[in-house]
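As provided, model_37.cif (mmCIF, C-alpha atoms) reads as follows.
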data_data
#
loop_
_atom_site.label_atom_id
_atom_site.label_comp_id
_atom_site.auth_asym_id
_atom_site.auth_seq_id
_atom_site.Cartn_x
_atom_site.Cartn_y
_atom_site.Cartn_z
CA MET A 1 -10.49 9.20 -33.30
CA PRO A 2 -7.13 7.92 -32.06
CA ALA A 3 -6.64 4.15 -32.16
CA GLN A 4 -7.42 2.27 -28.96
CA ALA A 5 -4.61 0.30 -27.41
CA PRO A 6 -4.86 -3.37 -28.45
CA PRO A 7 -4.93 -6.17 -25.87
CA PHE A 8 -1.48 -6.13 -24.24
CA GLU A 9 -0.64 -9.62 -25.49
CA ARG A 10 -0.74 -8.36 -29.08
CA PHE A 11 1.46 -5.36 -28.36
CA TYR A 12 3.88 -7.60 -26.46
CA GLU A 13 4.09 -10.20 -29.21
CA ALA A 14 4.65 -7.55 -31.85
CA THR A 15 7.49 -5.79 -30.01
CA ARG A 16 9.20 -8.27 -27.67
CA ASP A 17 11.86 -9.66 -30.03
CA GLU A 18 12.87 -6.29 -31.37
CA ILE A 19 13.05 -4.74 -27.90
CA TYR A 20 15.07 -7.67 -26.62
CA ARG A 21 17.58 -7.34 -29.47
CA TYR A 22 17.80 -3.61 -28.86
CA LEU A 23 18.53 -4.09 -25.16
CA VAL A 24 21.15 -6.73 -25.93
CA ARG A 25 22.84 -4.22 -28.23
CA LEU A 26 22.82 -1.54 -25.56
CA LEU A 27 23.61 -3.61 -22.51
CA GLY A 28 24.89 -7.02 -23.47
CA ARG A 29 22.93 -10.20 -23.00
CA GLN A 30 22.99 -10.58 -19.27
CA SER A 31 21.78 -7.13 -18.27
CA ALA A 32 19.37 -7.14 -21.20
CA GLU A 33 17.36 -9.94 -19.63
CA ASP A 34 16.60 -7.93 -16.51
CA ALA A 35 16.07 -4.74 -18.48
CA PHE A 36 13.65 -6.56 -20.75
CA GLN A 37 11.45 -7.58 -17.86
CA GLU A 38 11.60 -4.12 -16.36
CA THR A 39 10.70 -2.53 -19.69
CA PHE A 40 7.55 -4.57 -20.19
CA LEU A 41 6.47 -4.37 -16.55
CA LYS A 42 6.73 -0.58 -16.86
CA ALA A 43 4.76 -0.72 -20.10
CA LEU A 44 2.10 -2.81 -18.40
CA ARG A 45 1.87 -0.38 -15.49
CA SER A 46 1.03 2.55 -17.74
CA TYR A 47 -0.72 0.67 -20.54
CA GLU A 48 -4.20 1.30 -19.23
CA ARG A 49 -3.61 5.04 -19.09
CA LEU A 50 -2.31 5.32 -22.65
CA ALA A 51 -4.32 8.04 -24.33
CA HIS A 52 -3.86 6.53 -27.78
CA ALA A 53 -2.08 3.70 -29.51
CA ASP A 54 -0.75 5.54 -32.54
CA ASN A 55 2.90 4.69 -32.12
CA LEU A 56 3.29 1.83 -29.70
CA ARG A 57 6.55 0.66 -31.26
CA ALA A 58 8.25 3.99 -30.55
CA TRP A 59 6.69 4.03 -27.09
CA ALA A 60 8.23 0.62 -26.36
CA PHE A 61 11.65 1.88 -27.53
CA THR A 62 11.25 4.93 -25.31
CA ILE A 63 10.68 2.83 -22.22
CA ALA A 64 13.48 0.41 -23.13
CA THR A 65 15.89 3.29 -23.71
CA ARG A 66 15.12 4.85 -20.35
CA VAL A 67 15.49 1.53 -18.58
CA ALA A 68 18.80 0.96 -20.36
CA LEU A 69 20.12 4.43 -19.58
CA ASP A 70 19.14 4.01 -15.93
CA GLU A 71 20.86 0.69 -15.79
CA ARG A 72 23.75 1.50 -13.46
CA ARG A 73 23.46 -1.56 -11.32
CA ARG A 74 26.85 -2.91 -12.16
CA ALA A 75 29.82 -1.83 -14.16
CA ARG A 76 30.00 -3.83 -17.34
CA PRO A 77 33.29 -4.56 -19.01
CA GLU A 78 33.08 -3.66 -22.67
CA HIS A 79 33.74 -7.19 -23.87
CA ASP A 80 30.36 -8.20 -22.43
CA LEU A 81 28.73 -6.33 -25.27
CA PRO A 82 27.72 -8.31 -28.33
CA GLU A 83 30.49 -8.44 -30.86
CA VAL A 84 28.50 -9.73 -33.76
CA ALA A 85 26.34 -7.32 -35.69
CA VAL A 86 22.70 -8.34 -35.95
CA SER A 87 21.47 -9.09 -39.44
CA ASP A 88 18.72 -6.45 -39.62
CA THR A 89 21.14 -3.52 -39.54
CA ARG A 90 22.36 -1.53 -42.46
CA PRO A 91 25.68 -2.85 -43.71
CA ALA A 92 27.68 0.30 -43.02
CA PHE A 93 26.35 0.51 -39.51
CA ALA A 94 26.76 -3.22 -38.96
CA GLU A 95 30.45 -2.92 -39.74
CA LEU A 96 30.85 -0.36 -37.01
CA GLU A 97 28.35 -1.58 -34.48
CA HIS A 98 30.75 -3.75 -32.53
CA LEU A 99 32.45 -0.50 -31.59
CA ALA A 100 29.25 1.15 -30.38
CA GLY A 101 29.77 -0.28 -26.91
CA SER A 102 32.47 2.28 -26.29
CA LEU A 103 30.21 5.25 -27.01
CA PRO A 104 28.70 7.37 -24.25
CA ARG A 105 25.34 5.85 -23.37
CA THR A 106 23.13 8.52 -24.90
CA GLU A 107 25.06 8.53 -28.16
CA ARG A 108 24.97 4.77 -28.26
CA ALA A 109 21.18 4.71 -27.83
CA ALA A 110 20.73 7.44 -30.46
CA VAL A 111 22.97 5.67 -32.98
CA VAL A 112 21.35 2.27 -32.47
CA LEU A 113 17.82 3.66 -32.63
CA ARG A 114 18.54 5.67 -35.76
CA TYR A 115 20.70 3.32 -37.78
CA GLY A 116 19.80 -0.01 -36.28
CA TYR A 117 16.04 0.49 -36.06
CA ASP A 118 15.31 3.35 -38.41
CA LEU A 119 13.41 5.30 -35.80
CA PRO A 120 12.70 8.93 -36.79
CA TYR A 121 14.45 11.62 -34.75
CA ALA A 122 11.16 12.72 -33.18
CA ASP A 123 10.81 9.26 -31.61
CA ILE A 124 14.46 9.11 -30.61
CA ALA A 125 14.08 12.50 -28.93
CA ALA A 126 11.13 11.13 -26.96
CA ALA A 127 13.13 8.07 -26.00
CA LEU A 128 16.07 10.16 -24.83
CA ASP A 129 13.84 12.77 -23.24
CA SER A 130 15.56 15.44 -25.30
CA THR A 131 14.84 17.67 -28.29
CA GLU A 132 14.92 16.45 -31.86
CA ASP A 133 18.02 18.54 -32.49
CA ALA A 134 19.79 17.03 -29.53
CA ALA A 135 18.86 13.54 -30.70
CA ARG A 136 20.19 14.30 -34.19
CA GLN A 137 23.38 15.66 -32.67
CA ALA A 138 23.87 12.66 -30.41
CA ALA A 139 23.45 10.29 -33.35
CA SER A 140 25.77 12.17 -35.64
CA SER A 141 28.50 12.69 -33.08
CA GLY A 142 28.16 9.02 -32.21
CA VAL A 143 28.61 8.07 -35.82
CA ARG A 144 31.63 10.36 -36.18
CA ARG A 145 33.18 8.78 -33.14
CA LEU A 146 32.51 5.30 -34.56
CA ARG A 147 34.07 6.20 -37.89
CA ARG A 148 37.19 7.44 -36.16
CA LYS A 149 37.39 4.24 -34.16
CA GLY A 150 36.68 2.16 -37.25
CA ALA A 151 39.46 3.90 -39.11
CA ALA A 152 41.89 3.63 -36.25
CA MET B 1 18.00 -13.36 -32.37
CA THR B 2 14.63 -13.95 -30.73
CA LEU B 3 13.68 -13.59 -27.12
CA PRO B 4 14.80 -16.62 -25.08
CA THR B 5 11.83 -18.65 -23.86
CA GLU B 6 12.84 -18.43 -20.21
CA VAL B 7 12.99 -14.62 -20.34
CA ASP B 8 9.55 -14.57 -21.94
CA GLU B 9 8.13 -16.93 -19.32
CA ARG B 10 9.72 -15.02 -16.47
CA PHE B 11 8.08 -11.81 -17.63
CA ARG B 12 4.67 -13.47 -18.02
CA ALA B 13 4.90 -14.89 -14.50
CA ALA B 14 6.06 -11.56 -13.03
CA ALA B 15 3.24 -9.65 -14.72
CA ALA B 16 0.70 -11.92 -13.05
CA SER B 17 2.37 -12.11 -9.64
CA GLU B 18 2.67 -8.32 -9.47
CA GLY B 19 -1.07 -8.08 -10.04
CA LEU B 20 -0.72 -6.05 -13.24
CA LEU B 21 -3.12 -8.06 -15.40
CA ASP B 22 -6.81 -7.54 -16.04
CA VAL B 23 -6.94 -11.03 -17.50
CA ALA B 24 -4.47 -13.91 -17.60
CA TYR B 25 -5.11 -16.79 -19.97
CA ASP B 26 -3.62 -20.00 -21.26
CA VAL B 27 -4.59 -22.92 -23.44
CA ALA B 28 -5.14 -26.36 -21.89
CA ASP B 29 -5.59 -29.79 -23.42
CA SER B 30 -8.72 -31.78 -22.71
CA PRO B 31 -10.41 -34.91 -24.05
CA ILE B 32 -12.98 -32.70 -25.79
CA GLY B 33 -10.35 -30.57 -27.48
CA PRO B 34 -8.06 -27.72 -26.44
CA LEU B 35 -9.64 -25.10 -24.18
CA LEU B 36 -8.82 -21.45 -23.67
CA LEU B 37 -8.88 -20.68 -19.93
CA ALA B 38 -8.99 -17.09 -18.68
CA ALA B 39 -9.15 -15.51 -15.24
CA SER B 40 -9.62 -11.97 -14.03
CA GLY B 41 -8.57 -10.83 -10.57
CA ARG B 42 -11.97 -12.01 -9.31
CA GLY B 43 -11.96 -15.48 -10.75
CA VAL B 44 -12.40 -17.59 -13.85
CA CYS B 45 -14.03 -15.40 -16.49
CA ARG B 46 -13.84 -17.46 -19.68
CA ILE B 47 -13.55 -21.03 -20.87
CA SER B 48 -13.67 -21.30 -24.63
CA PHE B 49 -13.81 -24.29 -26.96
CA ASP B 50 -12.05 -22.12 -29.51
CA PRO B 51 -8.44 -22.17 -28.26
CA ASP B 52 -7.28 -19.43 -30.63
CA PRO B 53 -6.81 -16.42 -28.36
CA GLU B 54 -7.25 -14.01 -31.26
CA ALA B 55 -10.96 -14.71 -31.23
CA ALA B 56 -11.26 -14.02 -27.50
CA LEU B 57 -8.77 -11.21 -26.86
CA ASP B 58 -10.84 -8.29 -28.09
CA LYS B 59 -13.95 -9.45 -26.30
CA LEU B 60 -12.07 -9.99 -23.05
CA ALA B 61 -10.46 -6.57 -23.44
CA ARG B 62 -13.81 -4.86 -23.84
CA ALA B 63 -15.25 -6.61 -20.81
CA HIS B 64 -12.30 -6.60 -18.42
CA GLY B 65 -9.60 -4.21 -19.66
CA VAL B 66 -6.72 -4.26 -22.13
CA ARG B 67 -4.04 -5.63 -19.82
CA ILE B 68 -4.41 -9.19 -21.07
CA LEU B 69 -1.51 -11.59 -21.23
CA ARG B 70 -0.98 -15.30 -21.66
CA SER B 71 0.28 -16.35 -18.25
CA PRO B 72 -0.22 -19.93 -17.06
CA ARG B 73 -0.07 -19.64 -13.28
CA PRO B 74 -3.37 -17.83 -12.61
CA VAL B 75 -5.27 -20.59 -14.42
CA ASP B 76 -3.23 -23.53 -13.07
CA GLU B 77 -5.73 -24.42 -10.37
CA LEU B 78 -8.57 -24.45 -12.89
CA ARG B 79 -6.47 -26.56 -15.24
CA HIS B 80 -5.85 -29.15 -12.51
CA GLN B 81 -9.49 -29.28 -11.52
CA LEU B 82 -10.53 -29.73 -15.15
CA ASP B 83 -8.01 -32.56 -15.53
CA ASP B 84 -9.52 -34.23 -12.46
CA TYR B 85 -13.03 -33.70 -13.78
CA PHE B 86 -12.22 -35.28 -17.11
CA GLU B 87 -10.52 -38.19 -15.33
CA GLY B 88 -13.69 -38.73 -13.31
CA ARG B 89 -11.98 -37.79 -10.05
CA ARG B 90 -13.93 -34.57 -9.48
CA ARG B 91 -17.63 -33.78 -9.53
CA ASP B 92 -17.70 -30.17 -8.33
CA PHE B 93 -15.43 -27.28 -9.16
CA ASP B 94 -13.96 -25.27 -6.38
CA VAL B 95 -12.83 -22.10 -8.15
CA ALA B 96 -14.08 -18.54 -7.97
CA VAL B 97 -15.94 -17.42 -11.10
CA ASP B 98 -16.24 -13.85 -12.33
CA THR B 99 -19.62 -13.17 -13.91
CA SER B 100 -19.60 -9.53 -12.77
CA VAL B 101 -19.47 -8.11 -16.30
CA LEU B 102 -22.59 -9.98 -17.44
CA PRO B 103 -26.15 -8.62 -17.50
CA ALA B 104 -28.06 -9.12 -14.23
CA PHE B 105 -30.52 -11.59 -15.75
CA GLN B 106 -27.73 -13.77 -17.08
CA GLN B 107 -25.96 -13.71 -13.72
CA LEU B 108 -29.16 -14.89 -12.09
CA VAL B 109 -29.55 -17.73 -14.58
CA LEU B 110 -25.93 -18.83 -14.21
CA GLU B 111 -26.19 -18.78 -10.43
CA GLU B 112 -29.16 -21.12 -10.61
CA LEU B 113 -27.41 -23.23 -13.24
CA ALA B 114 -24.48 -23.77 -10.89
CA ARG B 115 -26.88 -25.62 -8.54
CA VAL B 116 -27.70 -28.34 -11.08
CA PRO B 117 -25.76 -31.31 -9.70
CA TYR B 118 -23.21 -33.48 -11.46
CA GLY B 119 -24.79 -36.29 -13.40
CA GLU B 120 -28.27 -34.74 -13.47
CA VAL B 121 -30.07 -32.65 -16.04
CA ALA B 122 -32.49 -29.74 -15.81
CA THR B 123 -34.75 -28.22 -18.46
CA TYR B 124 -34.81 -24.62 -19.67
CA GLY B 125 -38.35 -24.29 -18.35
CA GLY B 126 -37.34 -25.80 -15.03
CA LEU B 127 -34.54 -23.28 -14.59
CA ALA B 128 -36.88 -20.46 -15.59
CA THR B 129 -39.31 -21.54 -12.87
CA ARG B 130 -36.56 -21.77 -10.28
CA ILE B 131 -35.52 -18.17 -10.84
CA GLY B 132 -39.16 -17.11 -10.55
CA ARG B 133 -39.64 -16.41 -14.27
CA PRO B 134 -41.62 -19.45 -15.44
CA ARG B 135 -42.43 -17.94 -18.82
CA ALA B 136 -38.85 -17.00 -19.61
CA ALA B 137 -37.60 -20.41 -20.81
CA ARG B 138 -36.47 -18.92 -24.12
CA ALA B 139 -34.57 -16.09 -22.43
CA VAL B 140 -32.97 -18.64 -20.12
CA GLY B 141 -31.88 -20.56 -23.23
CA GLY B 142 -30.34 -17.39 -24.63
CA ALA B 143 -28.49 -16.67 -21.38
CA LEU B 144 -27.12 -20.22 -21.29
CA ASN B 145 -26.13 -20.13 -24.92
CA LYS B 146 -23.84 -17.21 -24.10
CA ASN B 147 -22.46 -18.81 -20.96
CA PRO B 148 -18.83 -17.59 -20.90
CA ILE B 149 -17.69 -20.31 -18.48
CA PRO B 150 -18.97 -23.65 -19.80
CA ILE B 151 -18.13 -26.93 -18.01
CA VAL B 152 -17.57 -25.13 -14.68
CA LEU B 153 -20.99 -23.52 -15.04
CA PRO B 154 -22.66 -26.66 -16.36
CA CYS B 155 -24.92 -25.52 -19.18
CA HIS B 156 -24.36 -28.97 -20.72
CA ARG B 157 -26.74 -30.24 -18.02
CA VAL B 158 -29.68 -28.30 -19.41
CA VAL B 159 -31.84 -30.05 -22.01
CA GLY B 160 -35.13 -29.51 -23.79
CA SER B 161 -38.46 -30.37 -22.16
CA THR B 162 -38.60 -33.66 -24.09
CA GLY B 163 -35.12 -34.59 -22.97
CA SER B 164 -33.53 -33.78 -26.33
CA LEU B 165 -30.09 -32.21 -26.09
CA VAL B 166 -31.21 -29.12 -28.08
CA GLY B 167 -28.00 -27.13 -28.46
CA TYR B 168 -24.61 -26.27 -27.07
CA ALA B 169 -22.20 -23.47 -27.88
CA GLY B 170 -19.40 -26.04 -28.06
CA GLY B 171 -21.42 -28.34 -30.35
CA LEU B 172 -23.72 -31.23 -29.50
CA ASP B 173 -20.88 -33.78 -29.61
CA ARG B 174 -19.22 -32.06 -26.71
CA LYS B 175 -22.48 -31.80 -24.78
CA ARG B 176 -23.03 -35.52 -25.30
CA ALA B 177 -19.45 -36.31 -24.24
CA LEU B 178 -19.78 -34.29 -21.03
CA LEU B 179 -23.13 -35.85 -20.10
CA ALA B 180 -21.74 -39.31 -20.88
CA LEU B 181 -18.71 -38.61 -18.67
CA GLU B 182 -21.07 -37.70 -15.84
CA GLY B 183 -23.15 -40.80 -16.43
CA ALA B 184 -26.25 -38.79 -17.31
CA LEU B 185 -26.69 -40.37 -20.74
#
Mind turning this structure into structure tokens?
Amino acid sequence: MPAQAPPFERFYEATRDEIYRYLVRLLGRQSAEDAFQETFLKALRSYERLAHADNLRAWAFTIATRVALDERRRARPEHDLPEVAVSDTRPAFAELEHLAGSLPRTERAAVVLRYGYDLPYADIAAALDSTEDAARQAASSGVRRLRRKGAA
Amino acid sequence: MTLPTEVDERFRAAAASEGLLDVAYDVADSPIGPLLLAASGRGVCRISFDPDPEAALDKLARAHGVRILRSPRPVDELRHQLDDYFEGRRRDFDVAVDTSVLPAFQQLVLEELARVPYGEVATYGGLATRIGRPRAARAVGGALNKNPIPIVLPCHRVVGSTGSLVGYAGGLDRKRALLALEGAL
């Protein structure tokens, strides 16, 4: 039998910090605050209808990614993006992450989800509403682009 | 980097004001110890002497739904009225209560219980008689023992036929403190 969704408070407490950090990486601090609220209000709206609770973490990333990709409310200058790499990233990625702000949005999300959060490609595909292959491609072309920028 | 407190609080307030919660709860201080206060869309559905939400969350979820979140505003009015009660400024509570998820017999008992006035006591047998079930004193005791909304639904005002305090889910010390506050001891 699939696991029942836990009381929302527990899900929220377990995911809020990580989702907030993720949104800050994608959008910068200011837009991340609005996107954060939107993400969890959306989660709350569909929480009751969740068929199972097998992978709530990936589900939260999916919603956050869609909110972030939809976030076209204002043009953001690149320097609004966080410059300092967050400590839970892999070193190689952390060295390049400050450049991730210049990537196309889908590539940026794929790269951050894969190398910043270790999400499997199946979950990244769900987040990006694409196939696993497309998610893999977005991440790897993002990384190539970052390496070129890092080398430049 | 953790979530800034104001962003967290803004979300919790928005979740409640958009009507997305099955249950909102918070913890309040009181002279008889911290209390967990919870409200559904229909009214106050839980007051617990165990302030640790972990103990209550699953039970609330089963009874009311999984969309449960700590969010202070929906229980603010109750919190203020409790403060006034403990300060001796209030004798009756004016908040909606939600007993809809309880068995019919327990609802009946709690409805009758709510009529026991401030500062007075009733007996289990007396309550049983008032609901037309004079031989059901023991069942009445059971229904009161599982009263999910103590203080507001005043099960502390029900004592044994000899006037002994008998029992209280929150412990006899609390029962004594509440009756003393009301001048019934």
Report task. Taking the file as shown, find all residues satisfying the PyMOL selection byres ((chain A) within 7 of (chain B)) and write them as a list in words. Result ->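 Selected by the PyMOL selection byres ((chain A) within 7 of (chain B)) in this file: Pro6, Pro7, Phe8, Glu9, Arg16, Asp17, Tyr20, Arg21, Glu33, Gln37, Leu41, Leu44, Arg45 and Glu48 of chain A.
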Query raised in the report: What is the CA of Ala114 (chain B) to CA of Cys155 (chain B) distance in Å?
Result: 8.5 Å
Given the file above and the PyMOL selection byres ((chain A and resi 56) around 12), which residues are selected, and can you give them as an mmCIF file with C-alpha atoms, keeping the file's coordinate frame?
data_model
loop_
_atom_site.group_PDB
_atom_site.id
_atom_site.type_symbol
_atom_site.label_atom_id
_atom_site.label_comp_id
_atom_site.auth_asym_id
_atom_site.auth_seq_id
_atom_site.Cartn_x
_atom_site.Cartn_y
_atom_site.Cartn_z
ATOM 1 C CA ALA A 3 -6.640 4.150 -32.160
ATOM 2 C CA GLN A 4 -7.420 2.270 -28.960
ATOM 3 C CA ALA A 5 -4.610 0.300 -27.410
ATOM 4 C CA PRO A 6 -4.860 -3.370 -28.450
ATOM 5 C CA PHE A 8 -1.480 -6.130 -24.240
ATOM 6 C CA ARG A 10 -0.740 -8.360 -29.080
ATOM 7 C CA PHE A 11 1.460 -5.360 -28.360
ATOM 8 C CA TYR A 12 3.880 -7.600 -26.460
ATOM 9 C CA ALA A 14 4.650 -7.550 -31.850
ATOM 10 C CA THR A 15 7.490 -5.790 -30.010
ATOM 11 C CA ARG A 16 9.200 -8.270 -27.670
ATOM 12 C CA ILE A 19 13.050 -4.740 -27.900
ATOM 13 C CA ALA A 43 4.760 -0.720 -20.100
ATOM 14 C CA TYR A 47 -0.720 0.670 -20.540
ATOM 15 C CA LEU A 50 -2.310 5.320 -22.650
ATOM 16 C CA ALA A 51 -4.320 8.040 -24.330
ATOM 17 C CA HIS A 52 -3.860 6.530 -27.780
ATOM 18 C CA ALA A 53 -2.080 3.700 -29.510
ATOM 19 C CA ASP A 54 -0.750 5.540 -32.540
ATOM 20 C CA ASN A 55 2.900 4.690 -32.120
ATOM 21 C CA ARG A 57 6.550 0.660 -31.260
ATOM 22 C CA ALA A 58 8.250 3.990 -30.550
ATOM 23 C CA TRP A 59 6.690 4.030 -27.090
ATOM 24 C CA ALA A 60 8.230 0.620 -26.360
ATOM 25 C CA PHE A 61 11.650 1.880 -27.530
ATOM 26 C CA THR A 62 11.250 4.930 -25.310
ATOM 27 C CA ILE A 63 10.680 2.830 -22.220
ATOM 28 C CA ASP A 123 10.810 9.260 -31.610
#
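Of the listed residues (A:Thr39, A:Asp34, A:Leu103, A:Leu113), A:Leu113 comes nearest to Tyr22 (chain A); the distances count all atoms listed in the file.
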Written as a short mmCIF file (atom, residue, chain, number, x, y, z; two decimals) with C-alpha atoms, in the frame of the given file, which residues does the PyMOL selection byres ((chain B and resi 97) around 10) give for the file shown?
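Generated output (part08.cif):
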data_model
loop_
_atom_site.label_atom_id
_atom_site.label_comp_id
_atom_site.auth_asym_id
_atom_site.auth_seq_id
_atom_site.Cartn_x
_atom_site.Cartn_y
_atom_site.Cartn_z
CA ALA B 39 -9.15 -15.51 -15.24
CA SER B 40 -9.62 -11.97 -14.03
CA GLY B 41 -8.57 -10.83 -10.57
CA ARG B 42 -11.97 -12.01 -9.31
CA GLY B 43 -11.96 -15.48 -10.75
CA VAL B 44 -12.40 -17.59 -13.85
CA CYS B 45 -14.03 -15.40 -16.49
CA ARG B 46 -13.84 -17.46 -19.68
CA ASP B 94 -13.96 -25.27 -6.38
CA VAL B 95 -12.83 -22.10 -8.15
CA ALA B 96 -14.08 -18.54 -7.97
CA ASP B 98 -16.24 -13.85 -12.33
CA THR B 99 -19.62 -13.17 -13.91
CA SER B 100 -19.60 -9.53 -12.77
CA ILE B 149 -17.69 -20.31 -18.48
CA VAL B 152 -17.57 -25.13 -14.68
CA LEU B 153 -20.99 -23.52 -15.04
#
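In this structure, CA of Ala56 (chain B) sits 25.9 Å away from CA of Leu179 (chain B).
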